[in-house]
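With TSV, C-alpha atoms and all ligand atoms inside, this is entry31.tsv:
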```
chain	number	residue	atom	x	y	z
R	27	MET	CA	-40.91	94.19	88.51
R	28	ALA	CA	-39.55	94.05	92.04
R	29	ASN	CA	-43.05	93.49	93.44
R	30	GLU	CA	-43.93	90.46	91.25
R	31	LYS	CA	-45.75	87.93	93.40
R	32	GLN	CA	-43.33	85.49	95.01
R	33	ILE	CA	-44.05	81.98	93.82
R	34	HIS	CA	-40.95	80.16	95.02
R	35	PRO	CA	-41.66	79.55	98.70
R	36	PHE	CA	-38.14	78.45	99.69
R	37	VAL	CA	-36.02	81.43	98.74
R	38	ASP	CA	-36.03	84.17	101.37
R	39	LYS	CA	-38.32	86.93	100.03
R	40	ARG	CA	-35.64	89.56	100.78
R	41	ILE	CA	-33.12	87.65	98.66
R	42	GLU	CA	-35.66	87.29	95.85
R	43	ASP	CA	-36.52	91.00	95.96
R	44	TYR	CA	-32.83	91.88	96.01
R	45	CYS	CA	-32.21	89.70	92.93
R	46	LYS	CA	-35.10	91.35	91.09
R	47	GLU	CA	-33.98	94.84	92.05
R	48	ASN	CA	-30.50	94.10	90.73
R	49	THR	CA	-31.62	92.65	87.41
R	50	SER	CA	-31.57	94.89	84.30
R	51	PRO	CA	-34.89	96.73	83.83
R	52	GLU	CA	-37.62	95.67	81.43
R	53	SER	CA	-37.80	97.08	77.92
R	54	GLU	CA	-40.86	99.13	76.96
R	55	VAL	CA	-42.28	96.20	74.96
R	56	LEU	CA	-41.97	93.75	77.82
R	57	ARG	CA	-43.46	96.27	80.25
R	58	TYR	CA	-46.43	96.60	77.88
R	59	ILE	CA	-46.90	92.81	77.71
R	60	ASP	CA	-46.62	92.45	81.48
R	61	ARG	CA	-49.15	95.24	82.11
R	62	GLU	CA	-51.66	93.96	79.53
R	63	THR	CA	-51.29	90.39	80.81
R	64	HIS	CA	-52.21	91.47	84.33
R	65	LEU	CA	-55.13	93.59	83.09
R	66	ARG	CA	-56.63	91.23	80.52
R	67	PHE	CA	-55.85	87.60	81.23
R	68	LEU	CA	-56.49	84.93	83.83
R	69	ARG	CA	-53.52	83.44	85.69
R	70	PRO	CA	-51.11	86.29	84.90
R	71	LYS	CA	-48.49	84.80	87.21
R	72	MET	CA	-47.75	82.29	84.41
R	73	ILE	CA	-45.78	85.06	82.68
R	74	SER	CA	-41.98	84.69	82.83
R	75	GLY	CA	-41.42	88.23	84.13
R	76	ASN	CA	-38.28	90.36	84.15
R	77	TRP	CA	-36.04	88.22	86.36
R	78	GLN	CA	-36.43	85.03	84.35
R	79	GLY	CA	-36.86	87.00	81.13
R	80	ASN	CA	-33.37	88.45	81.48
R	81	LEU	CA	-31.93	84.96	81.85
R	82	LEU	CA	-33.68	83.84	78.64
R	83	LYS	CA	-32.49	86.95	76.83
R	84	ILE	CA	-28.86	86.46	77.93
R	85	LEU	CA	-28.90	82.77	76.95
R	86	SER	CA	-30.31	83.69	73.55
R	87	LEU	CA	-27.65	86.36	73.04
R	88	LEU	CA	-24.95	83.80	73.94
R	89	VAL	CA	-26.29	81.03	71.68
R	90	GLU	CA	-27.17	83.32	68.73
R	91	PRO	CA	-29.83	80.86	67.57
R	92	LYS	CA	-31.22	80.39	64.09
R	93	ASN	CA	-34.19	78.33	65.23
R	94	VAL	CA	-35.83	78.42	68.65
R	95	LEU	CA	-38.78	76.33	69.86
R	96	GLU	CA	-41.02	77.48	72.70
R	97	ILE	CA	-43.70	75.19	74.14
R	98	GLY	CA	-46.35	77.42	75.79
R	99	THR	CA	-46.51	81.00	74.49
R	100	PHE	CA	-49.09	82.53	76.90
R	101	THR	CA	-48.75	86.29	76.16
R	102	ALA	CA	-45.38	86.01	74.34
R	103	TYR	CA	-43.26	87.60	77.09
R	104	ALA	CA	-40.62	84.84	77.02
R	105	THR	CA	-41.01	84.58	73.25
R	106	LEU	CA	-39.68	88.11	72.83
R	107	CYS	CA	-36.83	87.44	75.27
R	108	LEU	CA	-35.88	84.31	73.32
R	109	ALA	CA	-35.91	86.34	70.09
R	110	GLU	CA	-33.25	88.77	71.39
R	111	GLY	CA	-30.22	86.82	70.17
R	112	LEU	CA	-31.61	85.49	66.89
R	113	VAL	CA	-29.24	85.67	63.93
R	114	LYS	CA	-30.45	87.35	60.74
R	115	ASP	CA	-33.38	85.33	59.35
R	116	GLY	CA	-33.65	83.42	62.64
R	117	VAL	CA	-37.09	82.42	63.94
R	118	VAL	CA	-38.73	81.58	67.25
R	119	HIS	CA	-41.41	78.94	66.71
R	120	THR	CA	-43.83	79.19	69.61
R	121	ILE	CA	-46.76	76.87	70.32
R	122	GLU	CA	-49.95	77.79	72.19
R	123	ARG	CA	-53.22	75.89	72.41
R	124	ASP	CA	-55.48	78.53	74.05
R	125	ILE	CA	-57.35	80.30	71.25
R	126	LEU	CA	-58.31	83.16	73.62
R	127	LEU	CA	-54.66	84.24	73.52
R	128	GLU	CA	-54.19	84.14	69.74
R	129	ASP	CA	-55.34	87.70	68.88
R	130	PHE	CA	-53.27	89.30	71.64
R	131	ILE	CA	-50.14	87.37	70.65
R	132	LEU	CA	-50.49	88.23	66.95
R	133	GLU	CA	-51.36	91.90	67.62
R	134	THR	CA	-48.35	92.27	69.94
R	135	ILE	CA	-45.95	90.64	67.49
R	136	GLU	CA	-47.23	92.99	64.76
R	137	LYS	CA	-47.34	96.10	66.97
R	138	PHE	CA	-43.67	95.77	67.90
R	139	GLY	CA	-42.41	94.55	64.52
R	140	TYR	CA	-41.59	90.93	65.37
R	141	GLN	CA	-43.64	89.36	62.57
R	142	ASP	CA	-40.54	88.05	60.70
R	143	LYS	CA	-38.91	86.72	63.86
R	144	ILE	CA	-41.76	84.95	65.63
R	145	LYS	CA	-43.99	82.26	64.15
R	146	LEU	CA	-47.02	81.33	66.26
R	147	HIS	CA	-48.37	77.78	65.92
R	148	MET	CA	-51.80	77.24	67.48
R	149	GLY	CA	-52.62	73.75	68.80
R	150	ASN	CA	-51.50	71.02	71.15
R	151	ALA	CA	-47.70	71.13	71.33
R	152	MET	CA	-47.48	67.35	71.50
R	153	GLU	CA	-48.84	67.20	67.94
R	154	VAL	CA	-47.65	70.55	66.58
R	155	ILE	CA	-43.92	69.94	67.27
R	156	ASP	CA	-43.80	67.25	64.60
R	157	THR	CA	-45.21	69.64	61.98
R	158	ILE	CA	-42.37	72.18	62.42
R	159	GLU	CA	-39.41	71.38	60.20
R	160	GLY	CA	-35.73	71.49	61.07
R	161	ASP	CA	-33.54	71.32	64.16
R	162	PHE	CA	-33.39	73.83	67.00
R	163	ASP	CA	-30.61	75.73	68.76
R	164	MET	CA	-32.72	76.48	71.85
R	165	ILE	CA	-35.86	74.82	73.18
R	166	PHE	CA	-37.88	76.37	76.02
R	167	ILE	CA	-40.39	73.97	77.61
R	168	ASP	CA	-43.02	75.88	79.59
R	169	ALA	CA	-46.42	74.11	79.31
R	170	ASP	CA	-48.25	70.89	80.04
R	171	LYS	CA	-46.10	69.72	82.99
R	172	ALA	CA	-47.44	66.15	83.03
R	173	ASN	CA	-45.90	65.68	79.60
R	174	TYR	CA	-42.42	67.09	80.35
R	175	PRO	CA	-40.71	63.67	79.91
R	176	ALA	CA	-42.53	63.14	76.60
R	177	TYR	CA	-41.47	66.61	75.38
R	178	LEU	CA	-37.92	65.85	76.41
R	179	GLU	CA	-37.93	62.68	74.37
R	180	LYS	CA	-39.28	64.54	71.34
R	181	CYS	CA	-36.87	67.45	71.76
R	182	ILE	CA	-33.53	65.69	72.26
R	183	SER	CA	-33.25	64.50	68.68
R	184	ARG	CA	-34.36	67.94	67.38
R	185	LEU	CA	-31.68	69.87	69.32
R	186	ARG	CA	-28.36	70.53	67.61
R	187	SER	CA	-25.09	69.82	69.38
R	188	GLY	CA	-24.20	72.88	71.51
R	189	GLY	CA	-27.90	73.81	71.78
R	190	LEU	CA	-29.88	74.39	74.97
R	191	ILE	CA	-32.96	72.83	76.51
R	192	ILE	CA	-34.45	75.22	79.06
R	193	ALA	CA	-37.44	74.17	81.17
R	194	ASP	CA	-39.52	76.21	83.60
R	195	ASN	CA	-41.26	75.24	86.90
R	196	ILE	CA	-38.73	72.54	87.55
R	197	LEU	CA	-39.10	72.84	91.35
R	198	TRP	CA	-42.91	72.88	91.03
R	199	TYR	CA	-43.54	75.11	94.06
R	200	GLY	CA	-41.19	72.91	96.10
R	201	LYS	CA	-43.26	69.76	95.56
R	202	VAL	CA	-40.26	67.93	94.07
R	203	VAL	CA	-38.74	67.51	97.55
R	204	LEU	CA	-41.96	66.48	99.34
R	205	PRO	CA	-43.65	63.05	99.40
R	206	VAL	CA	-45.52	62.69	96.10
R	207	LYS	CA	-49.16	61.50	95.99
R	208	GLU	CA	-49.88	58.65	93.59
R	209	SER	CA	-52.41	60.88	91.77
R	210	ASP	CA	-50.00	63.82	91.32
R	211	LYS	CA	-48.99	63.27	87.69
R	212	GLU	CA	-47.34	66.66	87.29
R	213	THR	CA	-44.88	66.39	90.18
R	214	LYS	CA	-43.99	62.85	89.14
R	215	ALA	CA	-43.39	63.97	85.56
R	216	ILE	CA	-41.24	66.94	86.56
R	217	LYS	CA	-39.12	64.79	88.88
R	218	GLN	CA	-38.66	62.23	86.11
R	219	PHE	CA	-37.71	65.02	83.69
R	220	ASN	CA	-35.09	66.43	86.09
R	221	GLU	CA	-33.60	63.01	86.85
R	222	THR	CA	-33.48	61.94	83.21
R	223	LEU	CA	-31.87	65.13	81.93
R	224	SER	CA	-29.34	65.48	84.76
R	225	GLN	CA	-28.23	61.83	84.32
R	226	ASP	CA	-28.06	61.93	80.52
R	227	PRO	CA	-24.36	61.80	79.49
R	228	ARG	CA	-25.17	63.76	76.32
R	229	PHE	CA	-25.98	66.86	78.40
R	230	ASP	CA	-24.46	69.24	80.93
R	231	ALA	CA	-27.46	70.21	83.07
R	232	VAL	CA	-28.04	72.61	85.95
R	233	ILE	CA	-31.13	73.74	87.92
R	234	LEU	CA	-31.25	77.41	88.89
R	235	PRO	CA	-33.61	78.30	91.80
R	236	ILE	CA	-34.93	81.37	89.97
R	237	ARG	CA	-38.69	81.75	90.67
R	238	ASP	CA	-40.15	78.23	90.46
R	239	GLY	CA	-36.88	76.72	89.23
R	240	ILE	CA	-35.42	76.65	85.76
R	241	MET	CA	-33.38	73.88	84.15
R	242	VAL	CA	-30.67	74.80	81.66
R	243	ALA	CA	-29.11	71.86	79.81
R	244	ARG	CA	-26.55	72.03	77.01
R	245	LYS	CA	-26.27	69.21	74.50
R	246	LYS	CA	-22.60	68.21	74.10
K	301	LIG	C1	-46.74	78.95	81.86
K	301	LIG	S1	-47.60	79.49	80.46
K	301	LIG	C2	-46.31	79.99	79.36
K	301	LIG	C3	-45.64	81.27	79.80
K	301	LIG	C4	-44.74	81.88	78.77
K	301	LIG	N1	-43.81	80.92	78.21
K	301	LIG	C5	-43.96	83.00	79.42
K	301	LIG	O1	-42.84	82.72	79.82
K	301	LIG	O2	-44.46	84.12	79.58
K	301	LIG	C6	-48.14	77.99	79.72
K	301	LIG	C7	-48.94	78.17	78.44
K	301	LIG	O3	-48.98	76.91	77.77
K	301	LIG	C8	-50.25	76.70	77.22
K	301	LIG	N2	-50.41	75.25	77.09
K	301	LIG	C9	-50.72	74.35	78.06
K	301	LIG	N3	-50.72	73.10	77.56
K	301	LIG	C10	-50.39	73.21	76.24
K	301	LIG	C11	-50.23	72.27	75.19
K	301	LIG	N4	-50.39	70.95	75.38
K	301	LIG	N5	-49.89	72.73	73.97
K	301	LIG	C12	-49.70	74.06	73.75
K	301	LIG	N6	-49.85	74.99	74.71
K	301	LIG	C13	-50.18	74.58	75.93
K	301	LIG	C14	-51.20	77.37	78.19
K	301	LIG	O4	-52.41	77.72	77.53
K	301	LIG	C15	-50.39	78.58	78.66
K	301	LIG	O5	-50.69	79.73	77.90
```
Using the file provided, produce a representation of the structure as structure tokens.
Amino acid sequence: MANEKQIHPFVDKRIEDYCKENTSPESEVLRYIDRETHLRFLRPKMISGNWQGNLLKILSLLVEPKNVLEIGTFTAYATLCLAEGLVKDGVVHTIERDILLEDFILETIEKFGYQDKIKLHMGNAMEVIDTIEGDFDMIFIDADKANYPAYLEKCISRLRSGGLIIADNILWYGKVVLPVKESDKETKAIKQFNETLSQDPRFDAVILPIRDGIMVARKK
């Protein structure tokens, strides 16, 4: 939606609007999720939205993943985008800890016929990740910012060569370039995550200033 609230304060609003206006339009399913999210849930701005959603969809179509991991489902907007490029029998494993979201996520998956492609795991991602078997072709980290470095550590060994780690809110409303308070665990963790991943010789990593910043890193 061209009128999504601007959350990245450093990109000129006209540039951001122009980018959104010249991004492919939302599918009917995603429009439904976006509308229901804004009507029914608190903090709807957490949703990926069409601009970022198209990036996730394109990356998924390029990777053609068999197994995807998403940390932080919310209302499953990004989950459906990540499912776009799945090969036959491929699955997006998505983890959410807020039980108030469970019914909506499951109803939406069912309503639009994604029940074979999306597996919802309820609980704390830090514990749930270890209960999901196998390696992943794409991992989208989008929850629990203070633990980004810990998720990175868990995820690296679970990502196949040629696979992608994608992480949202990597500019953290611009706080990554401002002096960081000792008590600000989230900004510190995000900065550590960015530095670690961009310096890791096993990855090619890039930050895109889309919305609140998104990291895309490919394992060599
Ligand atoms: C930014 S939202 C995810 C948005 C979603 N990926 C999208 O793009 O539309 C973050 C979600 O992660 C969930 N969450 C936060 N901490 C979590 C944790 N430790 N384990 C699992 N889910 C968590 C929150 O309840 C929230 O729904």
Quiz prompt | Å distance separating atom CA of R:Gly188 from atom N5 of ligand LIG 301 (chain K), one decimal place | solution = 25.8 Å
Quiz item: Near stretch 198-212 of chain R, counting all atoms listed in the file, which residues have an atom at most 9 Å away, once you skip same-chain residues fewer than 4 positions from it, shown as a count of residues only?
Solution: 15
Exercise. Would you mind telling me which residue in R:Leu65, R:Ile144, R:Ile155, R:Ala215 lies nearest to R:Leu197 when using all atoms listed in the file?
Key: R:Ala215
Practice problem: Quote the spacing between atom CA of R:Thr63 and atom CA of R:Trp77 in Å to one decimal place. | Solution: 16.4 Å
Extending 6 Å beyond the listed atoms of ligand LIG 301 (chain K) on each side, what axis-aligned box results? I want centre and edge lengths in Å to one decimal, as AutoDock Vina command-line options.
```
--center_x -47.6 --center_y 77.5 --center_z 77.8 --size_x 21.6 --size_y 25.2 --size_z 20.1
```
What does the list of residues within 7 Å of ligand LIG 301 (chain K) look like if you count only C-alpha atoms and all ligand atoms, written as a PDB file with C-alpha atoms, in the frame of the given file?
```
ATOM      1  CA  MET R  72     -47.750  82.290  84.410  1.00  0.00           C
ATOM      2  CA  ILE R  73     -45.780  85.060  82.680  1.00  0.00           C
ATOM      3  CA  SER R  74     -41.980  84.690  82.830  1.00  0.00           C
ATOM      4  CA  GLY R  75     -41.420  88.230  84.130  1.00  0.00           C
ATOM      5  CA  ILE R  97     -43.700  75.190  74.140  1.00  0.00           C
ATOM      6  CA  GLY R  98     -46.350  77.420  75.790  1.00  0.00           C
ATOM      7  CA  THR R  99     -46.510  81.000  74.490  1.00  0.00           C
ATOM      8  CA  PHE R 100     -49.090  82.530  76.900  1.00  0.00           C
ATOM      9  CA  THR R 101     -48.750  86.290  76.160  1.00  0.00           C
ATOM     10  CA  ALA R 102     -45.380  86.010  74.340  1.00  0.00           C
ATOM     11  CA  TYR R 103     -43.260  87.600  77.090  1.00  0.00           C
ATOM     12  CA  ALA R 104     -40.620  84.840  77.020  1.00  0.00           C
ATOM     13  CA  THR R 105     -41.010  84.580  73.250  1.00  0.00           C
ATOM     14  CA  ILE R 121     -46.760  76.870  70.320  1.00  0.00           C
ATOM     15  CA  GLU R 122     -49.950  77.790  72.190  1.00  0.00           C
ATOM     16  CA  ARG R 123     -53.220  75.890  72.410  1.00  0.00           C
ATOM     17  CA  ASP R 124     -55.480  78.530  74.050  1.00  0.00           C
ATOM     18  CA  GLY R 149     -52.620  73.750  68.800  1.00  0.00           C
ATOM     19  CA  ASN R 150     -51.500  71.020  71.150  1.00  0.00           C
ATOM     20  CA  ALA R 151     -47.700  71.130  71.330  1.00  0.00           C
ATOM     21  CA  MET R 152     -47.480  67.350  71.500  1.00  0.00           C
ATOM     22  CA  ASP R 168     -43.020  75.880  79.590  1.00  0.00           C
ATOM     23  CA  ALA R 169     -46.420  74.110  79.310  1.00  0.00           C
ATOM     24  CA  ASP R 170     -48.250  70.890  80.040  1.00  0.00           C
TER      25      ASP R 170
END
```
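Going from atom CA of R:Lys92 to atom CA of R:Ile192 covers 16.2 Å.
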Determine, using only C-alpha atoms, which residues of stretch 107-213 of chain R have any atom at most 8 Å from an atom of stretch 218-228 of chain R, and tabulate each with its shortest atom pair and distance in Å to one decimal place, rows ordered by chain and then rising number, as a tab-separated table.
```
residue	atom	partner	partner_atom	distance
R:Tyr174	CA	R:Phe219	CA	6.1
R:Pro175	CA	R:Phe219	CA	5.0
R:Leu178	CA	R:Phe219	CA	7.3
R:Ile196	CA	R:Asn220	CA	7.3
```
Exercise. Could you give me, as number ranges by chain, the residues within 12 Å of R:Arg66, counting all atoms listed in the file and dropping anything in the same chain fewer than 4 positions from it?
Key: R: 58-62, 70, 101, 126-127, 130
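Proximity of R:Glu128, R:Ile236, R:Ser187, R:Leu106 to R:Lys46, computed with all atoms listed in the file, is greatest for R:Ile236.
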Practice problem: Write out as number ranges by chain which residues come within 10 Å of R:Leu81 when counting only C-alpha atoms, dropping same-chain ones fewer than 5 positions away. | Solution: R: 49, 76, 86-87, 104, 107-108, 236, 240
Quiz item: Which polymer residues have any atom within 8 Å of an atom of R:Lys245, counting all atoms listed in the file, with same-chain residues fewer than 2 positions away left out, as a ChimeraX atom specification?
Solution: /R:185-191,228-230,243
Residues from last step as file, C-alpha atoms, as a JSON list (two decimals), keeping the file's coordinate frame:
```json
[["chain", "number", "residue", "atom", "x", "y", "z"],
["R", 185, "LEU", "CA", -31.68, 69.87, 69.32],
["R", 186, "ARG", "CA", -28.36, 70.53, 67.61],
["R", 187, "SER", "CA", -25.09, 69.82, 69.38],
["R", 188, "GLY", "CA", -24.20, 72.88, 71.51],
["R", 189, "GLY", "CA", -27.90, 73.81, 71.78],
["R", 190, "LEU", "CA", -29.88, 74.39, 74.97],
["R", 191, "ILE", "CA", -32.96, 72.83, 76.51],
["R", 228, "ARG", "CA", -25.17, 63.76, 76.32],
["R", 229, "PHE", "CA", -25.98, 66.86, 78.40],
["R", 230, "ASP", "CA", -24.46, 69.24, 80.93],
["R", 243, "ALA", "CA", -29.11, 71.86, 79.81]]
```
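Distance check against R:Ile167 using all atoms listed in the file: of R:Ala231, R:Val55, R:Ala109, R:Ala193, the minimum falls on R:Ala193.
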Using only C-alpha atoms, list the residues that have an atom at most 7 Å from (-34.3, 72.4, 64.6), coordinates as in the file, as a CSV table (one decimal) with C-alpha atoms, in the coordinates of the input.
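Here's the written file result-v8.csv:
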```
chain,number,residue,atom,x,y,z
R,93,ASN,CA,-34.2,78.3,65.2
R,159,GLU,CA,-39.4,71.4,60.2
R,160,GLY,CA,-35.7,71.5,61.1
R,161,ASP,CA,-33.5,71.3,64.2
R,162,PHE,CA,-33.4,73.8,67.0
R,163,ASP,CA,-30.6,75.7,68.8
R,184,ARG,CA,-34.4,67.9,67.4
R,185,LEU,CA,-31.7,69.9,69.3
R,186,ARG,CA,-28.4,70.5,67.6
```
